[in-house]
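Dropping start01.cif in here (mmCIF, C-alpha atoms and all ligand atoms):
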```
data_upload
loop_
_atom_site.label_atom_id
_atom_site.label_comp_id
_atom_site.auth_asym_id
_atom_site.auth_seq_id
_atom_site.Cartn_x
_atom_site.Cartn_y
_atom_site.Cartn_z
CA MET A 123 0.00 0.00 0.00
CA ILE A 124 1.13 3.54 -0.69
CA ALA A 125 2.04 5.20 2.58
CA ARG A 126 -0.81 7.68 2.48
CA ALA A 127 -1.16 10.57 4.80
CA PRO A 128 -4.46 10.84 6.54
CA ILE A 129 -6.79 13.70 5.81
CA ASP A 130 -6.44 15.46 9.15
CA ARG A 131 -7.32 18.73 10.80
CA THR A 132 -4.78 20.66 8.69
CA HIS A 133 -7.13 19.97 5.75
CA ASP A 134 -10.34 21.01 7.56
CA PRO A 135 -12.09 23.50 5.23
CA ALA A 136 -13.45 25.33 8.29
CA LEU A 137 -9.95 26.23 9.50
CA ARG A 138 -9.23 29.98 9.44
CA SER A 139 -6.01 31.91 9.83
CA TRP A 140 -5.30 35.11 11.76
CA VAL A 141 -3.66 36.23 8.49
CA GLU A 142 -6.88 37.67 7.04
CA SER A 143 -5.85 37.47 3.37
CA ALA A 144 -5.71 33.68 3.72
CA ASN A 145 -9.45 33.50 4.38
CA ASP A 146 -10.95 35.20 1.32
CA GLY A 147 -11.76 32.01 -0.58
CA GLY A 148 -10.00 33.27 -3.71
CA THR A 149 -6.40 32.99 -2.54
CA ASP A 150 -4.16 30.17 -3.73
CA PHE A 151 -2.69 30.00 -0.26
CA PRO A 152 -5.31 29.37 2.44
CA ILE A 153 -4.16 27.77 5.69
CA GLN A 154 -5.00 24.33 4.23
CA ASN A 155 -2.23 24.73 1.59
CA LEU A 156 1.01 25.99 3.25
CA PRO A 157 3.30 25.50 0.23
CA PHE A 158 7.07 25.87 0.56
CA ALA A 159 9.27 28.21 -1.46
CA THR A 160 12.85 29.45 -1.47
CA PHE A 161 13.11 33.23 -1.50
CA ARG A 162 15.44 36.16 -1.05
CA HIS A 163 14.92 39.45 0.78
CA ASP A 164 15.99 42.51 -1.19
CA TYR A 165 18.52 43.36 1.56
CA GLU A 166 20.54 40.13 1.52
CA GLU A 167 21.96 37.55 -0.87
CA ARG A 168 21.27 34.53 1.32
CA PRO A 169 18.23 32.52 0.23
CA ARG A 170 15.72 31.48 2.87
CA ILE A 171 12.83 29.04 3.08
CA GLY A 172 9.32 30.43 3.23
CA ILE A 173 5.78 29.12 3.61
CA ALA A 174 2.91 30.99 1.91
CA ILE A 175 -0.14 32.12 3.83
CA GLY A 176 -2.56 34.42 1.97
CA ASP A 177 -0.54 37.33 0.57
CA GLN A 178 2.24 36.77 3.14
CA LEU A 179 5.24 34.53 3.50
CA LEU A 180 6.30 32.93 6.77
CA ASP A 181 10.06 33.53 6.91
CA CYS A 182 11.31 30.22 8.32
CA LEU A 183 14.74 31.55 9.32
CA GLU A 184 13.18 34.36 11.36
CA ALA A 185 10.55 32.02 12.80
CA ALA A 186 13.30 29.63 13.88
CA ARG A 187 15.34 32.48 15.42
CA CYS A 188 12.22 33.49 17.35
CA GLY A 189 11.88 29.98 18.72
CA ARG A 190 8.72 29.18 16.79
CA PHE A 191 10.14 25.84 15.59
CA ASP A 192 11.46 24.77 18.99
CA PRO A 193 8.87 21.96 19.30
CA LEU A 194 10.37 20.32 16.19
CA ASP A 195 13.21 17.83 16.06
CA PRO A 196 16.56 19.72 15.79
CA ALA A 197 17.28 18.19 12.37
CA ILE A 198 14.02 19.60 11.00
CA ARG A 199 14.73 22.97 12.62
CA ASP A 200 18.14 23.05 10.93
CA ALA A 201 16.63 22.10 7.56
CA LEU A 202 14.13 24.97 7.82
CA GLN A 203 17.05 27.40 8.21
CA GLY A 204 18.78 26.07 5.09
CA TRP A 205 19.41 27.90 1.80
CA SER A 206 17.08 25.67 -0.20
CA LEU A 207 14.50 22.93 0.35
CA ASN A 208 17.06 20.16 -0.19
CA GLY A 209 17.61 19.65 3.55
CA LEU A 210 13.91 19.17 4.22
CA MET A 211 13.61 16.98 1.12
CA ALA A 212 16.46 14.82 2.46
CA LEU A 213 14.56 14.31 5.71
CA GLY A 214 11.45 13.28 3.81
CA ARG A 215 7.73 13.44 3.81
CA ARG A 216 7.05 12.58 7.45
CA ASP A 217 9.21 15.45 8.71
CA ALA A 218 7.63 17.85 6.23
CA ARG A 219 4.31 16.75 7.72
CA ALA A 220 5.54 17.69 11.21
CA VAL A 221 6.31 21.20 9.89
CA ARG A 222 2.87 21.38 8.28
CA HIS A 223 1.14 20.49 11.54
CA LEU A 224 3.11 23.00 13.62
CA VAL A 225 2.77 25.86 11.09
CA SER A 226 -0.94 25.16 10.69
CA ARG A 227 -1.45 25.59 14.44
CA MET A 228 0.85 28.64 14.50
CA LEU A 229 -1.20 30.42 11.83
CA GLU A 230 -4.64 29.23 12.89
CA ALA A 231 -6.95 31.87 14.36
CA GLY A 232 -7.47 31.24 18.05
CA SER A 233 -5.09 28.30 18.46
CA PRO A 234 -2.86 28.09 21.58
CA GLU A 235 0.26 28.58 19.41
CA ALA A 236 -1.19 31.59 17.57
CA ASN A 237 -0.72 34.26 20.21
CA ALA A 238 3.06 34.16 20.28
CA ALA A 239 3.25 34.00 16.48
CA TYR A 240 0.80 36.90 16.12
CA ALA A 241 2.86 39.02 18.50
CA LEU A 242 5.90 38.35 16.28
CA ARG A 243 4.05 38.91 13.00
CA ASP A 244 6.10 41.92 11.86
CA ARG A 245 9.24 39.85 12.20
CA ILE A 246 8.21 36.42 10.87
CA LEU A 247 5.83 37.46 8.08
CA VAL A 248 6.84 39.32 4.93
CA PRO A 249 4.50 40.46 2.13
CA LEU A 250 4.87 38.23 -0.93
CA ASN A 251 5.32 41.25 -3.20
CA ARG A 252 8.48 42.27 -1.30
CA VAL A 253 10.57 39.14 -1.95
CA SER A 254 12.21 37.40 -4.90
CA LEU A 255 11.13 33.81 -5.35
CA LEU A 256 13.75 31.31 -6.51
CA VAL A 257 13.89 27.78 -7.92
CA PRO A 258 12.80 25.93 -4.75
CA ALA A 259 15.64 23.39 -4.56
CA GLU A 260 19.09 22.79 -5.92
CA VAL A 261 18.18 20.24 -8.56
CA GLY A 262 20.79 17.55 -9.08
CA ASP A 263 18.92 15.76 -11.83
CA TYR A 264 15.90 16.68 -13.89
CA THR A 265 13.94 14.04 -15.78
CA ASP A 266 11.06 14.87 -18.10
CA PHE A 267 8.33 12.29 -18.69
CA TYR A 268 5.75 12.16 -21.46
CA ALA A 269 2.79 11.03 -19.37
CA SER A 270 -0.15 12.48 -21.32
CA ILE A 271 -1.40 10.03 -23.93
CA HIS A 272 -3.49 12.85 -25.45
CA HIS A 273 -0.34 14.94 -25.98
CA ALA A 274 1.58 11.91 -27.27
CA ARG A 275 -1.18 11.05 -29.77
CA ARG A 276 -1.57 14.58 -31.15
CA VAL A 277 2.16 15.24 -31.41
CA GLY A 278 2.77 11.77 -32.83
CA ALA A 279 0.15 12.40 -35.51
CA LEU A 280 1.97 15.60 -36.58
CA PHE A 281 5.41 14.01 -36.81
CA ARG A 282 4.41 10.47 -37.87
CA PRO A 283 0.89 10.56 -39.37
CA ASP A 284 1.02 6.86 -40.22
CA ASN A 285 2.20 5.83 -36.75
CA PRO A 286 1.11 8.40 -34.11
CA LEU A 287 1.39 6.37 -30.90
CA LEU A 288 4.49 4.21 -30.77
CA PRO A 289 3.83 0.67 -29.48
CA ASN A 290 5.85 1.12 -26.27
CA TYR A 291 3.72 4.03 -25.04
CA THR A 292 1.08 2.03 -23.15
CA TRP A 293 3.75 -0.15 -21.50
CA VAL A 294 6.60 2.19 -20.53
CA PRO A 295 6.42 5.62 -18.85
CA ILE A 296 8.52 7.38 -21.53
CA GLY A 297 10.99 10.00 -20.37
CA TYR A 298 14.36 11.57 -21.08
CA HIS A 299 17.05 13.12 -18.91
CA GLY A 300 16.75 16.90 -18.96
CA ARG A 301 19.18 19.61 -17.98
CA ALA A 302 19.23 20.96 -14.41
CA SER A 303 21.64 23.88 -15.00
CA SER A 304 19.13 25.86 -17.06
CA LEU A 305 16.19 25.66 -14.65
CA VAL A 306 15.09 29.25 -14.03
CA PRO A 307 12.58 30.74 -11.57
CA SER A 308 9.17 32.02 -12.55
CA GLY A 309 9.37 35.57 -13.89
CA SER A 310 12.67 35.03 -15.71
CA GLN A 311 13.17 36.14 -19.27
CA VAL A 312 13.83 33.30 -21.69
CA ARG A 313 16.14 34.02 -24.59
CA ARG A 314 15.05 32.59 -27.94
CA PRO A 315 17.63 29.92 -28.78
CA ILE A 316 19.67 29.67 -31.93
CA GLY A 317 19.74 26.19 -33.38
CA GLN A 318 20.26 23.90 -36.31
CA THR A 319 17.09 23.23 -38.27
CA ARG A 320 16.13 21.92 -41.67
CA LYS A 321 13.23 23.59 -43.44
CA GLY A 322 12.28 21.20 -46.22
CA ALA A 323 12.62 17.43 -46.26
CA ASP A 324 15.48 17.65 -48.78
CA GLY A 325 17.05 21.07 -48.21
CA PRO A 326 20.33 21.63 -46.36
CA PRO A 327 20.19 22.43 -42.62
CA SER A 328 20.92 25.95 -41.41
CA VAL A 329 21.61 27.74 -38.15
CA ALA A 330 19.22 30.51 -37.06
CA PRO A 331 17.08 31.70 -34.16
CA SER A 332 14.28 29.18 -33.62
CA ALA A 333 11.19 30.13 -35.63
CA SER A 334 8.87 27.86 -33.62
CA MET A 335 9.24 28.62 -29.93
CA ASP A 336 6.70 26.83 -27.81
CA TYR A 337 5.78 26.25 -24.16
CA GLU A 338 4.69 23.01 -22.50
CA VAL A 339 2.43 23.11 -19.42
CA GLU A 340 3.63 20.51 -16.94
CA LEU A 341 3.84 19.73 -13.25
CA ALA A 342 7.17 19.21 -11.50
CA LEU A 343 7.31 16.32 -9.02
CA TRP A 344 9.90 16.85 -6.27
CA ALA A 345 11.67 13.75 -5.00
CA CYS A 346 12.46 13.30 -1.31
CA GLY A 347 14.31 10.71 0.69
CA GLU A 348 16.82 8.65 -1.21
CA ASN A 349 17.13 5.13 -2.61
CA ALA A 350 20.57 3.56 -2.73
CA ILE A 351 21.91 2.86 -6.19
CA GLY A 352 20.79 -0.62 -7.20
CA GLU A 353 17.72 -0.49 -4.91
CA PRO A 354 14.47 0.18 -6.78
CA ILE A 355 11.62 1.99 -5.04
CA PRO A 356 8.60 -0.32 -5.24
CA ILE A 357 5.39 1.37 -6.33
CA SER A 358 3.90 0.62 -2.90
CA ARG A 359 6.56 2.90 -1.33
CA ALA A 360 6.73 5.53 -4.06
CA GLY A 361 4.42 7.90 -2.16
CA ASP A 362 7.10 8.28 0.52
CA HIS A 363 9.40 9.76 -2.14
CA LEU A 364 7.07 12.47 -3.42
CA PHE A 365 7.73 15.66 -1.45
CA GLY A 366 5.46 17.93 -3.43
CA VAL A 367 4.45 19.40 -6.76
CA SER A 368 5.11 22.69 -8.61
CA LEU A 369 4.16 24.24 -11.93
CA LEU A 370 6.63 23.80 -14.78
CA ASN A 371 7.08 25.23 -18.29
CA ASP A 372 9.28 23.11 -20.54
CA TRP A 373 10.11 25.66 -23.26
CA SER A 374 10.62 23.91 -26.59
CA ALA A 375 12.11 24.97 -29.94
CA ARG A 376 10.00 22.81 -32.25
CA ASP A 377 12.02 23.33 -35.43
CA VAL A 378 15.22 22.31 -33.65
CA GLN A 379 13.40 19.38 -32.02
CA ALA A 380 11.99 18.02 -35.29
CA TRP A 381 15.47 17.83 -36.83
CA GLU A 382 17.45 16.58 -33.81
CA TYR A 383 15.11 14.21 -31.97
CA GLN A 384 15.77 10.95 -33.77
CA PRO A 385 17.10 8.58 -32.59
CA LEU A 386 17.91 9.76 -29.03
CA GLY A 387 15.17 12.30 -28.22
CA PRO A 388 15.22 16.01 -27.38
CA PHE A 389 18.52 17.78 -26.70
CA LEU A 390 19.19 21.46 -27.57
CA SER A 391 15.49 22.02 -28.39
CA LYS A 392 14.76 21.79 -24.66
CA ASN A 393 17.86 22.43 -22.55
CA PHE A 394 18.22 26.19 -23.08
CA ALA A 395 15.66 27.01 -20.33
CA THR A 396 12.93 25.45 -18.22
CA THR A 397 10.85 27.67 -15.93
CA VAL A 398 9.99 26.29 -12.49
CA GLY A 399 7.08 27.59 -10.40
CA ALA A 400 8.13 28.87 -6.99
CA TRP A 401 5.57 27.04 -4.88
CA VAL A 402 6.02 23.45 -3.80
CA VAL A 403 2.55 22.29 -2.80
CA THR A 404 3.30 19.37 -0.50
CA ALA A 405 2.08 15.86 -1.17
CA ASP A 406 0.21 16.12 2.13
CA ALA A 407 -1.66 19.27 1.04
CA LEU A 408 -2.67 17.41 -2.14
CA GLU A 409 -4.14 14.41 -0.26
CA PRO A 410 -7.78 15.56 -0.49
CA PHE A 411 -7.34 15.96 -4.25
CA ARG A 412 -5.96 12.57 -5.20
CA SER A 413 -8.16 10.82 -7.72
CA PRO A 414 -8.44 7.47 -9.53
CA LEU A 415 -6.02 6.64 -12.31
CA ALA A 416 -7.59 7.46 -15.69
CA ALA A 417 -9.25 4.40 -17.21
CA ARG A 418 -7.34 2.68 -19.99
CA GLY A 419 -8.90 2.00 -23.38
CA PRO A 420 -10.18 -1.49 -24.24
CA ASP A 421 -7.19 -2.14 -26.51
CA GLU A 422 -4.62 -0.98 -23.97
CA PRO A 423 -2.74 -3.43 -21.73
CA ALA A 424 -2.94 -3.48 -17.94
CA PRO A 425 0.27 -2.05 -16.44
CA LEU A 426 2.99 -4.57 -15.66
CA GLN A 427 3.14 -5.67 -12.04
CA TYR A 428 5.90 -3.28 -10.95
CA LEU A 429 3.71 -0.38 -12.18
CA ASP A 430 0.50 -1.59 -10.63
CA ASP A 431 -0.78 -1.01 -7.10
CA PRO A 432 -4.42 -1.10 -5.97
CA GLU A 433 -4.08 2.04 -3.84
CA ASP A 434 -2.39 3.88 -6.71
CA ARG A 435 -5.12 2.76 -9.12
CA ALA A 436 -7.77 4.02 -6.69
CA ARG A 437 -6.23 7.42 -5.83
CA GLY A 438 -2.79 7.83 -7.35
CA ALA A 439 -3.65 10.56 -9.88
CA LEU A 440 -3.34 14.27 -9.08
CA GLY A 441 -6.57 16.26 -9.17
CA VAL A 442 -4.85 19.42 -10.36
CA THR A 443 -6.27 21.79 -13.01
CA VAL A 444 -3.66 23.60 -15.08
CA GLU A 445 -4.33 26.62 -17.24
CA VAL A 446 -2.12 28.49 -19.72
CA ALA A 447 -2.55 32.09 -20.86
CA ILE A 448 -0.60 34.35 -23.21
CA ALA A 449 0.00 38.11 -23.06
CA THR A 450 1.81 39.59 -26.04
CA ALA A 451 3.68 42.90 -25.77
CA LYS A 452 0.85 44.57 -27.75
CA MET A 453 -1.78 43.08 -25.46
CA ARG A 454 0.06 44.40 -22.41
CA GLU A 455 0.44 47.86 -23.98
CA ALA A 456 -3.30 47.92 -24.77
CA GLY A 457 -4.07 46.94 -21.17
CA LEU A 458 -5.73 43.70 -22.31
CA PRO A 459 -5.84 40.74 -19.92
CA PRO A 460 -3.92 37.57 -20.82
CA LEU A 461 -5.82 35.25 -23.19
CA ARG A 462 -6.44 31.71 -21.98
CA LEU A 463 -5.10 29.09 -24.37
CA SER A 464 -5.98 25.85 -22.57
CA THR A 465 -7.30 24.23 -19.40
CA ALA A 466 -6.39 20.62 -18.64
CA GLN A 467 -6.55 18.08 -15.82
CA ALA A 468 -3.46 16.34 -14.46
CA SER A 469 -5.79 13.45 -13.52
CA ASP A 470 -5.99 12.69 -17.26
CA LEU A 471 -2.30 11.71 -17.32
CA TYR A 472 -1.69 8.10 -18.37
CA TRP A 473 0.85 7.49 -15.60
CA THR A 474 0.71 8.54 -11.92
CA PRO A 475 3.60 10.08 -9.95
CA ALA A 476 4.04 6.73 -8.15
CA GLN A 477 4.31 4.88 -11.47
CA MET A 478 6.87 7.41 -12.71
CA ILE A 479 8.96 7.06 -9.52
CA ALA A 480 8.71 3.24 -9.55
CA HIS A 481 9.67 3.08 -13.21
CA HIS A 482 12.52 5.59 -12.86
CA THR A 483 14.15 3.50 -10.12
CA SER A 484 13.15 0.04 -11.40
CA ASN A 485 16.61 -0.47 -12.92
CA GLY A 486 18.33 0.60 -9.70
CA CYS A 487 18.71 4.26 -10.70
CA ASN A 488 18.94 6.32 -7.51
CA LEU A 489 16.77 9.38 -6.95
CA ARG A 490 18.19 12.03 -4.67
CA PRO A 491 16.43 14.67 -2.57
CA GLY A 492 15.63 17.64 -4.80
CA ASP A 493 15.57 15.66 -8.02
CA MET A 494 12.80 17.01 -10.22
CA LEU A 495 10.57 14.91 -12.47
CA GLY A 496 8.47 16.72 -15.07
CA THR A 497 5.18 15.03 -15.95
CA GLY A 498 5.37 16.00 -19.62
CA THR A 499 2.85 18.27 -21.34
CA ILE A 500 -0.56 17.98 -19.70
CA SER A 501 -3.24 17.71 -22.38
CA GLY A 502 -6.72 16.22 -22.44
CA ALA A 503 -8.99 14.61 -25.02
CA ASP A 504 -10.85 17.88 -25.68
CA ASP A 505 -9.41 20.53 -28.01
CA SER A 506 -9.65 23.08 -25.17
CA ALA A 507 -7.11 20.96 -23.24
CA ARG A 508 -4.14 21.09 -25.62
CA GLY A 509 -1.10 21.92 -23.47
CA CYS A 510 1.25 23.49 -26.05
CA LEU A 511 1.07 25.57 -29.24
CA LEU A 512 2.34 22.62 -31.31
CA GLU A 513 -0.98 20.88 -30.56
CA ILE A 514 -3.20 24.01 -30.60
CA THR A 515 -1.98 25.34 -33.97
CA ARG A 516 -1.29 21.89 -35.47
CA ARG A 517 2.38 22.71 -35.92
CA GLY A 518 1.63 26.25 -37.03
CA ALA A 519 -1.07 25.43 -39.60
CA GLU A 520 -3.94 26.96 -37.59
CA PRO A 521 -2.61 30.07 -35.80
CA VAL A 522 -4.26 31.40 -32.64
CA GLN A 523 -6.18 34.67 -33.09
CA LEU A 524 -5.46 37.28 -30.43
CA PRO A 525 -7.68 40.21 -29.33
CA THR A 526 -5.19 42.71 -30.81
CA GLY A 527 -5.64 41.21 -34.29
CA GLU A 528 -2.27 39.50 -33.95
CA THR A 529 -1.93 35.79 -34.68
CA ARG A 530 0.46 33.23 -33.23
CA ALA A 531 1.57 30.00 -34.85
CA PHE A 532 4.36 29.92 -32.26
CA LEU A 533 5.64 32.40 -29.66
CA ALA A 534 6.97 35.81 -30.71
CA ASP A 535 9.55 37.88 -28.85
CA GLY A 536 7.88 39.77 -26.01
CA ASP A 537 5.19 37.12 -25.47
CA GLU A 538 4.61 36.21 -21.86
CA VAL A 539 3.28 32.74 -21.01
CA ILE A 540 1.48 32.41 -17.68
CA ILE A 541 0.67 29.00 -16.19
CA ARG A 542 -1.65 28.63 -13.22
CA GLY A 543 -2.74 25.55 -11.31
CA TRP A 544 -5.23 24.74 -8.58
CA CYS A 545 -7.18 21.97 -6.84
CA GLU A 546 -10.87 22.20 -6.16
CA ARG A 547 -13.25 19.65 -4.72
CA GLU A 548 -16.54 19.59 -2.83
CA GLY A 549 -15.83 19.44 0.90
CA ALA A 550 -12.24 20.72 0.69
CA ALA A 551 -10.67 24.17 0.71
CA ARG A 552 -9.47 25.25 -2.76
CA ILE A 553 -5.67 25.42 -2.93
CA GLY A 554 -3.46 26.80 -5.70
CA PHE A 555 0.05 26.71 -7.11
CA GLY A 556 0.50 30.44 -7.77
CA GLU A 557 1.87 31.29 -11.20
CA CYS A 558 4.69 30.17 -13.43
CA ARG A 559 5.57 33.03 -15.79
CA GLY A 560 8.17 33.58 -18.46
CA THR A 561 8.71 36.08 -21.29
CA ILE A 562 10.49 35.38 -24.58
CA VAL A 563 13.25 37.84 -25.46
CA PRO A 564 15.03 38.09 -28.83
CA ALA A 565 17.90 35.77 -29.76
CA LYS A 566 21.43 37.11 -29.31
CA CA B 1 8.19 18.26 -21.86
#
```
Any chance you could put this one into structure tokens?
Ligand code: CA
Amino acid sequence: MIARAPIDRTHDPALRSWVESANDGGTDFPIQNLPFATFRHDYEERPRIGIAIGDQLLDCLEAARCGRFDPLDPAIRDALQGWSLNGLMALGRRDARAVRHLVSRMLEAGSPEANAAYALRDRILVPLNRVSLLVPAEVGDYTDFYASIHHARRVGALFRPDNPLLPNYTWVPIGYHGRASSLVPSGSQVRRPIGQTRKGADGPPSVAPSASMDYEVELALWACGENAIGEPIPISRAGDHLFGVSLLNDWSARDVQAWEYQPLGPFLSKNFATTVGAWVVTADALEPFRSPLAARGPDEPAPLQYLDDPEDRARGALGVTVEVAIATAKMREAGLPPLRLSTAQASDLYWTPAQMIAHHTSNGCNLRPGDMLGTGTISGADDSARGCLLEITRRGAEPVQLPTGETRAFLADGDEVIIRGWCEREGAARIGFGECRGTIVPAK
């Protein structure tokens, strides 16, 4: 069985915080969420760990200095004063849960722990708009999966019309090893890459700025704990190795990708930049929003035993809605709001986080704390749920119409892509992932 966390009083939708902005129903960060981030004050270089509550951030270093984490084990207290989330990720999910329980009581209106925290509010809370948010962990390795069968089918049909879904897809969680050095925080500018492409099927290749820049809406799964090299993580234990989830934009240069991807997969079409959302919504916060694994088609095989677990089948999928919007430079100048391009459900993914973790380690590959696994583009069956421009415009053939009269087959310089994510369910407080933003700037 997956080591599941109970739904407990930290999830109670009736819980209210003394931080008023956490109670308005519209915030991504009510007291039931408590996502982690790594941030920097404008007055110092040293990164700190923070926990979001409404429009504020609990500064964990200050809270520790004020003794607010004294009830915790010293190792957890030390990890909360670290420069990134890696220390807490090394300790694992159970210790992150201890932090969640203490912080929930600290921020809860009327709780015994609230008075002391409230008295210290000017010291331990900082407005979110006064800090810089960073990539949440130092990522040793970044793997990107391809877990949406809807994305795989549509993209496959564009590149291989006679053979859209390769025969391994329904058996193997497909992935490739990405590049950790070019992970950038939300809000960063992304420079259009220069690359080798070939225009026609017979013409010579040339080197130029990519003419088909795209985004991919994904979720990032953060690994915690560690498996020794040679020791697979069985699917029944995979839940212990999921620390939390963030938004992710896997920028892609489609013209470079089309020319370079065979036979070893994406390389320079992907590794120039990947934007990581700041907020790590913990696996515990997501518990009320787990959902059944999407049903397989009648012609599709049951997963092999090492990828199959009854608990994972019943509630291993993530009930997260992801939405992408675009704001071109002209739209921003005209004061127009971003235009929504798609809305999709992570619960439609073909593989669950536990299946991805079990598969990744099934050969003895070791995951380390802070490793990041991308889910792959999240698309759904409906045309409104196409998670990248490659799918939406059918490789540029059907450009998107924008309110300024502009059209987009792919991204232009100055375009900003904004990803949002949230979880909503009857009987639970709505929680969100904040935003993952990035703007394309011209090639050098
Ligand atoms: Ca991807």
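Take CA of Leu210 (chain A) and CA of Glu235 (chain A): the distance between them is 22.5 Å.
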Name each residue within 7 Å of ligand CA 1 (chain B), counting only C-alpha atoms and all ligand atoms, as a compact mmCIF listing (two decimals) with C-alpha atoms, in the coordinates of the input.
```txt
# COMPACT_ATOMS: atom_id res chain seq x y z
CA ASP A 266 11.06 14.87 -18.10
CA PHE A 267 8.33 12.29 -18.69
CA TYR A 268 5.75 12.16 -21.46
CA GLU A 338 4.69 23.01 -22.50
CA ASP A 372 9.28 23.11 -20.54
CA GLY A 496 8.47 16.72 -15.07
CA GLY A 498 5.37 16.00 -19.62
CA THR A 499 2.85 18.27 -21.34
```
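In this structure, CA of Glu340 (chain A) sits 9.2 Å away from CA of Ser501 (chain A).
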statement: note - CA of Val141 (chain A) and CA of Ile153 (chain A) are separated by 8.9 Å
message: Using all atoms listed in the file for the distances, tell me which of A:Ser304, A:Gln203, A:Thr265, A:Gln523 is nearest to Phe191 (chain A).
response: A:Gln203
task: Could you check which of A:Arg552, A:Arg376, A:Arg187, A:Arg454 is closest to Tyr337 (chain A), using all atoms listed in the file?
output: A:Arg376
query: With all atoms listed in the file as the atoms that count, which of A:Pro475, A:Gly399, A:Ala507, A:Leu461 lies nearest to Val444 (chain A)?
result: A:Ala507
query: Which of these, A:Val253, A:Leu280, A:Leu179, A:Leu229, has the shortest distance to Glu166 (chain A) once you count only C-alpha atoms?
result: A:Val253
List every residue of region 168-220 of chain A that has an atom at most 9 Å from any atom of region 352-365 of chain A, giving for each one its closest atom pair and the distance in Å to one decimal, counting all atoms listed in the file, sorted by chain and then by ascending residue number, as CSV.
```
residue,atom,partner,partner_atom,distance
A:Met211,CA,A:Phe365,CA,6.6
A:Gly214,CA,A:Phe365,CA,6.9
A:Arg215,CA,A:Phe365,CA,5.7
A:Arg216,CA,A:Asp362,CA,8.2
A:Ala218,CA,A:Phe365,CA,8.0
```
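Taking all atoms listed in the file, the non-local environment of Leu341 (chain A) within 6 Å (same-chain residues fewer than 5 positions away omitted) comprises A:Ser368, A:Leu369, A:Leu370, A:Gly496, A:Thr497.
Each of A:Leu137, A:Ala550, A:Ile448, A:Met228 was compared to Phe532 (chain A) using all atoms listed in the file, and A:Ile448 turns out to be the nearest.
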task: Could you give me, as a PyMOL selection string, the residues that have an atom at most 7 Å away from the point (11.6, 28.1, -1.6) in the coordinates of the file, using all atoms listed in the file?
output: chain A and resi 158-161+170-172+206-207+255-259+400-401
- prompt: Which neighbours of Pro193 (chain A) fall inside 12 Å, counting only C-alpha atoms, when residues of the same chain fewer than 6 positions from it are skipped, and could you give them as number ranges by chain?
  reply: A: 186, 199, 220-221, 223-225, 227-228, 235
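Nearest residue to Thr443 (chain A), choosing from A:Leu386, A:Ile500, A:Ile271, A:Val367 and counting all atoms listed in the file: A:Ile500.
The protein and nucleic acid residues lying at most 7 Å from Thr450 (chain A) are Arg454, Gly536, Asp537 and Glu538 of chain A, with all atoms listed in the file considered and sequence neighbours fewer than 4 positions away removed.
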Considering all atoms listed in the file, return as a tab-separated table (two decimals) with C-alpha atoms, in the coordinates of the input whatever protein or nucleic-acid residues lie within 9 Å of Arg508 (chain A), sequence-local ones (same chain, fewer than 6 positions apart) excluded.
```tsv
chain	number	residue	atom	x	y	z
A	272	HIS	CA	-3.49	12.85	-25.45
A	273	HIS	CA	-0.34	14.94	-25.98
A	276	ARG	CA	-1.57	14.58	-31.15
A	463	LEU	CA	-5.10	29.09	-24.37
A	464	SER	CA	-5.98	25.85	-22.57
A	465	THR	CA	-7.30	24.23	-19.40
A	466	ALA	CA	-6.39	20.62	-18.64
A	499	THR	CA	2.85	18.27	-21.34
A	500	ILE	CA	-0.56	17.98	-19.70
A	501	SER	CA	-3.24	17.71	-22.38
A	502	GLY	CA	-6.72	16.22	-22.44
A	514	ILE	CA	-3.20	24.01	-30.60
```
Incomplete region 443-451 of chain A filled out to N, CA and C atoms as a PDB file, in the coordinates of the input:
```pdb
ATOM      1  N   THR A 443      -5.922  21.123 -11.745  1.00  0.00           N
ATOM      2  CA  THR A 443      -6.270  21.790 -13.010  1.00  0.00           C
ATOM      3  C   THR A 443      -5.140  22.725 -13.375  1.00  0.00           C
ATOM      4  N   VAL A 444      -4.700  22.664 -14.631  1.00  0.00           N
ATOM      5  CA  VAL A 444      -3.660  23.600 -15.080  1.00  0.00           C
ATOM      6  C   VAL A 444      -4.207  24.430 -16.241  1.00  0.00           C
ATOM      7  N   GLU A 445      -3.811  25.689 -16.248  1.00  0.00           N
ATOM      8  CA  GLU A 445      -4.330  26.620 -17.240  1.00  0.00           C
ATOM      9  C   GLU A 445      -3.169  27.434 -17.800  1.00  0.00           C
ATOM     10  N   VAL A 446      -3.168  27.686 -19.093  1.00  0.00           N
ATOM     11  CA  VAL A 446      -2.120  28.490 -19.720  1.00  0.00           C
ATOM     12  C   VAL A 446      -2.749  29.717 -20.360  1.00  0.00           C
ATOM     13  N   ALA A 447      -2.093  30.870 -20.206  1.00  0.00           N
ATOM     14  CA  ALA A 447      -2.550  32.090 -20.860  1.00  0.00           C
ATOM     15  C   ALA A 447      -1.358  32.793 -21.500  1.00  0.00           C
ATOM     16  N   ILE A 448      -1.652  33.598 -22.519  1.00  0.00           N
ATOM     17  CA  ILE A 448      -0.600  34.350 -23.210  1.00  0.00           C
ATOM     18  C   ILE A 448      -0.914  35.840 -23.122  1.00  0.00           C
ATOM     19  N   ALA A 449       0.141  36.657 -22.970  1.00  0.00           N
ATOM     20  CA  ALA A 449       0.000  38.110 -23.060  1.00  0.00           C
ATOM     21  C   ALA A 449       1.131  38.598 -23.954  1.00  0.00           C
ATOM     22  N   THR A 450       0.782  39.060 -25.152  1.00  0.00           N
ATOM     23  CA  THR A 450       1.810  39.590 -26.040  1.00  0.00           C
ATOM     24  C   THR A 450       2.173  41.010 -25.596  1.00  0.00           C
ATOM     25  N   ALA A 451       3.280  41.534 -26.122  1.00  0.00           N
ATOM     26  CA  ALA A 451       3.680  42.900 -25.770  1.00  0.00           C
ATOM     27  C   ALA A 451       2.567  43.882 -26.129  1.00  0.00           C
TER      28      ALA A 451
END
```
